[in-house]
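**Q** query-v1.cif is reproduced below (mmCIF, C-alpha atoms).
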data_protein
loop_
_atom_site.label_atom_id
_atom_site.label_comp_id
_atom_site.auth_asym_id
_atom_site.auth_seq_id
_atom_site.Cartn_x
_atom_site.Cartn_y
_atom_site.Cartn_z
CA MET H 1 -2.05 -17.63 9.27
CA MET H 2 1.44 -17.74 10.71
CA GLU H 3 3.80 -14.80 10.82
CA HIS H 4 5.99 -16.31 8.12
CA ASP H 5 2.93 -16.65 5.87
CA GLU H 6 2.31 -12.94 6.21
CA LYS H 7 5.89 -12.22 5.30
CA ARG H 8 5.73 -14.50 2.26
CA PHE H 9 2.38 -13.05 1.25
CA ARG H 10 3.78 -9.53 1.48
CA GLU H 11 6.73 -10.53 -0.70
CA LEU H 12 4.38 -12.13 -3.23
CA ILE H 13 2.25 -8.98 -3.46
CA HIS H 14 5.34 -6.85 -3.94
CA ARG H 15 6.45 -9.13 -6.79
CA GLN H 16 3.03 -9.24 -8.45
CA ARG H 17 1.75 -5.71 -7.74
CA ASP H 18 1.92 -4.56 -11.37
CA LEU H 19 0.13 -7.67 -12.61
CA ILE H 20 -2.69 -7.16 -10.09
CA TRP H 21 -2.96 -3.47 -10.92
CA ARG H 22 -3.02 -4.33 -14.62
CA VAL H 23 -6.01 -6.65 -14.19
CA CYS H 24 -7.87 -4.16 -11.99
CA SER H 25 -7.32 -1.22 -14.31
CA SER H 26 -8.46 -3.15 -17.37
CA TYR H 27 -12.04 -3.50 -16.05
CA LYS H 28 -14.71 -0.86 -16.40
CA LEU H 29 -16.85 -0.59 -13.26
CA SER H 30 -19.15 2.15 -11.97
CA ALA H 31 -17.67 5.50 -10.95
CA ALA H 32 -17.84 4.44 -7.30
CA TRP H 33 -15.08 1.93 -7.96
CA THR H 34 -11.58 3.25 -8.39
CA THR H 35 -8.77 0.97 -9.47
CA GLU H 36 -7.47 1.37 -5.92
CA ASP H 37 -10.72 -0.06 -4.51
CA SER H 38 -10.56 -3.01 -6.89
CA PHE H 39 -6.92 -3.56 -5.96
CA HIS H 40 -7.88 -3.82 -2.28
CA GLU H 41 -10.64 -6.30 -3.11
CA VAL H 42 -8.23 -8.47 -5.04
CA LEU H 43 -5.71 -8.36 -2.19
CA CYS H 44 -8.40 -9.50 0.25
CA ASP H 45 -9.23 -12.46 -1.99
CA LEU H 46 -5.57 -13.31 -2.50
CA TRP H 47 -4.96 -13.27 1.25
CA GLN H 48 -7.99 -15.45 1.90
CA GLY H 49 -6.90 -17.94 -0.75
CA TYR H 50 -3.20 -17.83 0.03
CA GLY H 51 -3.24 -20.76 2.45
CA ALA H 52 -4.83 -22.97 -0.21
CA PHE H 53 -2.38 -21.98 -2.97
CA ASP H 54 -0.82 -25.36 -3.76
CA ARG H 55 1.77 -24.07 -6.26
CA ARG H 56 0.59 -26.46 -8.95
CA SER H 57 0.39 -23.41 -11.17
CA SER H 58 2.94 -20.65 -11.26
CA GLU H 59 2.61 -17.79 -8.82
CA SER H 60 1.71 -15.29 -11.54
CA THR H 61 -0.94 -17.61 -13.00
CA TRP H 62 -2.55 -18.05 -9.59
CA VAL H 63 -2.49 -14.31 -8.87
CA TYR H 64 -3.93 -13.52 -12.29
CA ARG H 65 -6.68 -16.13 -11.86
CA VAL H 66 -7.76 -14.78 -8.47
CA ALA H 67 -7.65 -11.18 -9.74
CA VAL H 68 -9.75 -12.03 -12.80
CA ASN H 69 -12.28 -13.96 -10.70
CA THR H 70 -12.58 -11.07 -8.25
CA MET H 71 -13.02 -8.53 -11.02
CA ASN H 72 -15.54 -10.66 -12.91
CA SER H 73 -17.49 -11.12 -9.69
CA LEU H 74 -17.49 -7.35 -9.06
CA ALA H 75 -18.48 -6.64 -12.65
CA ARG H 76 -21.48 -8.97 -12.37
CA LYS H 77 -22.86 -7.34 -9.24
CA LYS H 78 -25.86 -5.09 -9.68
CA GLY H 79 -24.95 -1.43 -9.54
CA ASN H 80 -21.31 -1.95 -10.45
CA GLN H 81 -21.79 -1.51 -14.17
CA PRO H 82 -20.22 1.64 -15.60
CA THR H 83 -22.44 4.65 -16.19
CA ALA H 84 -19.68 6.77 -17.69
CA LEU H 85 -16.15 6.27 -18.91
CA PRO H 86 -13.74 5.95 -16.00
CA PRO H 87 -11.06 8.66 -15.79
CA GLU H 88 -8.29 6.48 -17.17
CA ARG H 89 -10.27 6.20 -20.39
CA HIS H 90 -10.03 9.95 -20.89
CA ASP H 91 -6.36 9.82 -21.78
CA PRO H 92 -5.35 11.13 -25.23
CA SER H 93 -4.64 7.67 -26.66
CA TYR H 94 -8.14 6.54 -25.83
CA ARG H 95 -9.57 9.35 -27.96
CA ASP H 96 -8.12 7.56 -30.94
CA ASP H 97 -11.26 6.13 -32.56
CA ASP H 98 -9.63 3.00 -33.95
CA TYR H 99 -8.15 2.11 -30.60
CA ARG H 100 -11.29 2.96 -28.64
CA ASP H 101 -13.40 0.78 -30.92
CA LEU H 102 -11.15 -2.19 -30.25
CA VAL H 103 -11.11 -1.66 -26.47
CA GLU H 104 -14.90 -1.42 -26.39
CA LEU H 105 -15.27 -4.59 -28.42
CA ILE H 106 -12.91 -6.47 -26.12
CA GLU H 107 -14.69 -5.21 -23.01
CA ALA H 108 -18.03 -6.28 -24.46
CA MET H 109 -16.84 -9.85 -25.11
CA PRO H 110 -18.46 -12.63 -23.09
CA GLU H 111 -16.46 -14.59 -20.54
CA PRO H 112 -14.23 -16.54 -20.71
CA ASP H 113 -13.30 -15.17 -24.15
CA ARG H 114 -12.51 -11.72 -22.76
CA THR H 115 -10.16 -13.14 -20.15
CA ILE H 116 -8.49 -15.37 -22.74
CA VAL H 117 -7.91 -12.49 -25.16
CA LYS H 118 -6.62 -10.16 -22.43
CA ALA H 119 -4.22 -12.79 -21.14
CA HIS H 120 -3.06 -13.63 -24.65
CA VAL H 121 -2.22 -10.04 -25.58
CA GLN H 122 -0.20 -9.73 -22.37
CA GLY H 123 1.94 -12.68 -23.41
CA PHE H 124 0.48 -15.54 -21.36
CA GLY H 125 0.85 -18.88 -23.16
CA TYR H 126 -1.89 -21.49 -23.67
CA LYS H 127 -0.81 -23.46 -20.62
CA GLU H 128 -0.94 -20.40 -18.38
CA VAL H 129 -4.31 -19.30 -19.79
CA SER H 130 -5.53 -22.83 -19.16
CA GLY H 131 -4.45 -22.44 -15.53
CA ILE H 132 -6.20 -19.06 -15.29
CA THR H 133 -9.51 -20.12 -16.82
CA GLY H 134 -9.66 -23.77 -15.79
CA LEU H 135 -10.21 -24.77 -19.44
CA SER H 136 -8.11 -27.38 -21.20
CA ILE H 137 -5.22 -26.19 -23.34
CA ALA H 138 -7.06 -27.38 -26.46
CA ALA H 139 -10.18 -25.46 -25.45
CA VAL H 140 -8.13 -22.32 -24.82
CA SER H 141 -6.50 -22.61 -28.22
CA MET H 142 -9.84 -23.10 -29.96
CA ARG H 143 -11.61 -20.33 -28.06
CA LEU H 144 -8.77 -17.87 -28.60
CA SER H 145 -8.70 -18.55 -32.31
CA ARG H 146 -12.46 -18.10 -32.61
CA ALA H 147 -12.52 -15.03 -30.39
CA LEU H 148 -9.79 -13.26 -32.36
CA ARG H 149 -11.47 -14.11 -35.65
CA LYS H 150 -14.76 -12.72 -34.41
CA LEU H 151 -13.10 -9.66 -32.90
CA ARG H 152 -11.31 -8.89 -36.16
CA LYS H 153 -14.55 -9.20 -38.09
CA LEU H 154 -16.50 -6.93 -35.72
CA TYR H 155 -13.66 -4.41 -35.67
CA ASN H 156 -13.53 -4.19 -39.44
CA GLN H 157 -17.31 -3.82 -39.62
CA LYS H 158 -17.46 -1.03 -37.03
CA MET M 1 -9.29 -1.46 -43.84
CA ARG M 2 -8.23 -0.59 -40.30
CA ASP M 3 -5.14 -2.23 -38.84
CA PHE M 4 -6.56 -4.71 -36.34
CA ASP M 5 -3.22 -6.34 -35.51
CA LYS M 6 -1.57 -3.00 -34.79
CA GLN M 7 -4.36 -1.90 -32.45
CA LEU M 8 -4.44 -5.29 -30.72
CA LYS M 9 -0.70 -5.10 -30.11
CA ARG M 10 -1.14 -1.58 -28.77
CA TYR M 11 -3.85 -2.82 -26.41
CA GLY M 12 -1.54 -5.54 -25.11
CA ASP M 13 1.32 -3.06 -24.72
CA GLU M 14 -0.88 -0.65 -22.77
CA LEU M 15 -1.98 -3.44 -20.44
CA LYS M 16 1.58 -4.60 -19.94
CA ASN M 17 2.78 -1.07 -19.25
CA ALA M 18 0.27 -0.45 -16.44
CA ARG M 19 2.17 0.04 -13.20
CA CYS M 20 0.96 -0.12 -9.62
CA PRO M 21 1.30 3.45 -8.31
CA TYR M 22 1.91 2.48 -4.67
CA SER M 23 5.33 3.03 -3.18
CA ASP M 24 6.79 0.12 -1.18
CA VAL M 25 5.73 1.81 2.05
CA GLU M 26 2.19 2.48 0.81
CA LEU M 27 1.83 -1.07 -0.45
CA ASP M 28 2.97 -2.47 2.89
CA ARG M 29 0.36 -0.35 4.60
CA VAL M 30 -2.38 -1.67 2.30
CA ILE M 31 -1.24 -5.26 2.84
CA ARG M 32 -1.20 -4.76 6.61
CA SER M 33 -4.77 -3.47 6.44
CA VAL M 34 -5.88 -6.49 4.43
CA VAL M 35 -4.16 -8.96 6.74
CA TRP M 36 -5.48 -7.12 9.77
CA SER M 37 -9.06 -7.22 8.50
CA GLU M 38 -8.77 -10.99 8.16
CA LYS M 39 -7.49 -11.23 11.71
CA VAL M 40 -10.61 -9.55 13.06
CA ILE M 41 -12.18 -12.97 13.24
CA PRO M 42 -9.87 -15.80 12.25
CA ASN M 43 -11.62 -18.47 10.20
CA GLU M 44 -14.47 -16.13 9.44
CA PRO M 45 -13.41 -13.71 6.77
CA PRO M 46 -15.36 -10.49 6.46
CA THR M 47 -18.00 -10.68 3.79
CA LYS M 48 -17.76 -6.96 3.38
CA ARG M 49 -14.24 -5.78 3.11
CA LEU M 50 -12.28 -2.60 3.16
CA ARG M 51 -14.74 -1.16 0.75
CA THR M 52 -16.30 1.92 2.21
CA LYS M 53 -13.80 4.63 2.65
CA TRP M 54 -14.22 8.04 4.11
CA LEU M 55 -11.83 10.63 2.78
CA TRP M 56 -10.70 13.29 5.20
CA PRO M 57 -9.06 16.60 4.31
CA SER M 58 -5.75 15.69 5.84
CA VAL M 59 -3.86 12.79 7.36
CA ALA M 60 -3.99 14.58 10.73
CA ALA M 61 -7.78 14.98 10.55
CA ALA M 62 -8.20 11.31 9.64
CA ALA M 63 -5.89 10.30 12.49
CA CYS M 64 -7.87 12.40 14.98
CA LEU M 65 -11.14 10.84 13.89
CA ALA M 66 -9.60 7.37 13.92
CA ALA M 67 -8.51 7.95 17.52
CA ILE M 68 -12.17 8.46 18.38
CA LEU M 69 -13.65 5.73 16.20
CA ILE M 70 -11.23 2.87 16.67
CA PRO M 71 -12.00 2.37 20.39
CA LEU M 72 -15.70 2.32 19.44
CA ASN M 73 -15.33 -0.80 17.33
CA ILE M 74 -18.52 -2.81 17.37
CA ASP M 75 -17.79 -6.17 18.91
CA ASP M 76 -20.89 -8.22 19.46
CA ARG M 77 -19.79 -11.72 18.55
CA ALA M 78 -22.93 -13.31 19.96
CA ASN M 79 -24.81 -11.63 17.16
CA GLY M 80 -22.02 -12.13 14.69
CA ASP M 81 -21.27 -8.44 14.49
CA ILE M 82 -17.74 -7.23 14.31
CA ALA M 83 -16.97 -3.98 12.60
CA ARG M 84 -13.70 -2.18 12.52
CA VAL M 85 -12.12 1.00 11.32
CA VAL M 86 -8.83 1.03 9.51
CA ILE M 87 -6.88 4.19 8.92
CA ASP M 88 -4.80 4.60 5.83
CA GLY M 89 -3.45 8.09 5.34
CA GLN M 90 -6.38 10.38 4.66
CA HIS M 91 -8.84 7.50 4.36
CA LEU M 92 -10.78 5.68 7.00
CA TYR M 93 -11.91 2.25 5.86
CA PHE M 94 -14.81 0.34 7.33
CA ALA M 95 -14.76 -3.42 7.46
CA CYS M 96 -17.35 -5.76 8.89
CA ASN M 97 -17.85 -9.48 8.95
CA ASN M 98 -21.58 -9.84 8.85
CA GLY M 99 -24.39 -8.95 6.49
CA CYS M 100 -24.13 -5.22 7.19
CA SER M 101 -23.34 -3.17 4.18
CA PRO M 102 -20.10 -1.23 4.51
CA GLU M 103 -22.14 1.92 4.00
CA GLY M 104 -24.33 0.87 6.94
CA THR M 105 -21.24 0.35 9.04
CA LEU M 106 -20.01 3.81 8.18
CA GLU M 107 -23.39 5.28 9.14
CA THR M 108 -23.30 3.40 12.44
CA PHE M 109 -19.93 4.88 13.28
CA LYS M 110 -21.08 8.33 12.23
CA THR M 111 -24.08 7.99 14.55
CA MET M 112 -21.83 6.91 17.41
CA ILE M 113 -19.72 10.06 17.23
CA ARG M 114 -22.62 12.49 16.91
#
Re-express the file's structure as structure tokens.

**A**
Amino acid sequence: MMEHDEKRFRELIHRQRDLIWRVCSSYKLSAAWTTEDSFHEVLCDLWQGYGAFDRRSSESTWVYRVAVNTMNSLARKKGNQPTALPPERHDPSYRDDDYRDLVELIEAMPEPDRTIVKAHVQGFGYKEVSGITGLSIAAVSMRLSRALRKLRKLYNQK
Amino acid sequence: MRDFDKQLKRYGDELKNARCPYSDVELDRVIRSVVWSEKVIPNEPPTKRLRTKWLWPSVAAAACLAAILIPLNIDDRANGDIARVVIDGQHLYFACNNGCSPEGTLETFKTMIR
């Protein structure tokens, strides 16, 4: 990597820091993994992929995609599954049963539905979610619709 | 009937409101560490990254230990072993490029200073 790449990478991370943190903090991993650890992992993957970023998708879509892939990869690894609620889940709002039920249902969703729902509620459009997941726009639309219908049903049954 | 739409909106709002807690200076330090770890061996990114960290009681204590550990970096390229220490405030991070676990790398460094 050239010096100017490092400078541009640093600027990109400064622009997208909240987005990266948001993805990291939305995953439940084992107690050994703080959001800070996950953030570092995502930064490593972003740096390694930065040279290949072809700008066909927007910067935020690319960053979100890499962050989600990193977090999904970490979540799949043996030993990284949560054994207890992470500290951020102990906040007062999370003690609200209705809210907690919904969060748990979303976190238990299979991929790529979980990623699609999370991106949707944060305001990403179909095209951006398509860029994040690699699915067609039509597939994203269909999956989102089905996932929300199922989520609503499970939530009302809980 | 519980209000699904209200709770879903709240979930989205909470995600959107999450903010990275690093100051600009702290974030630059983290980025430098990440870029530096990649530079350990260009074209051969570390398979284990800045994962294992060792918290010390103060920045000064971490700096003192780093002064001892950093010159001890394992550099045995013939065997594919490169392991490094990165200091970040009160934390020492251990990065390596080969199949060693980061925990193993930390233990190696601990052994070297005993």

**Q** Using the chain letters and residue numbers of this document, give as a list in words the residues selected by the PyMOL selection byres ((chain H) within 6 of (chain M)).

**A**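 When the PyMOL selection byres ((chain H) within 6 of (chain M)) is applied, the selected residues are Arg17, Asp18, Trp21, Arg22, Cys44, Tyr99, Val121 and Gln122 of chain H.
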
**Q** Specify as a PyMOL selection string each residue included when the PyMOL selection byres ((chain H and resi 144) around 10) is applied to this file.

**A** chain H and resi 112-117+120+126+129+138-143+145-150

**Q** Using only C-alpha atoms, which residue out of H:Ile20, H:His14, H:Glu128, H:Asp5 lies closest to Val66 in chain H?

**A**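 Checking each of H:Ile20, H:His14, H:Glu128, H:Asp5 against Val66 in chain H, counting only C-alpha atoms, the winner is H:Ile20.
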
**Q** When the PyMOL selection byres ((chain H and resi 64) around 9) is applied to the structure above, which residues does it catch, written out as a PyMOL selection string?

**A** chain H and resi 19-20+23+59-63+65-69+119+132
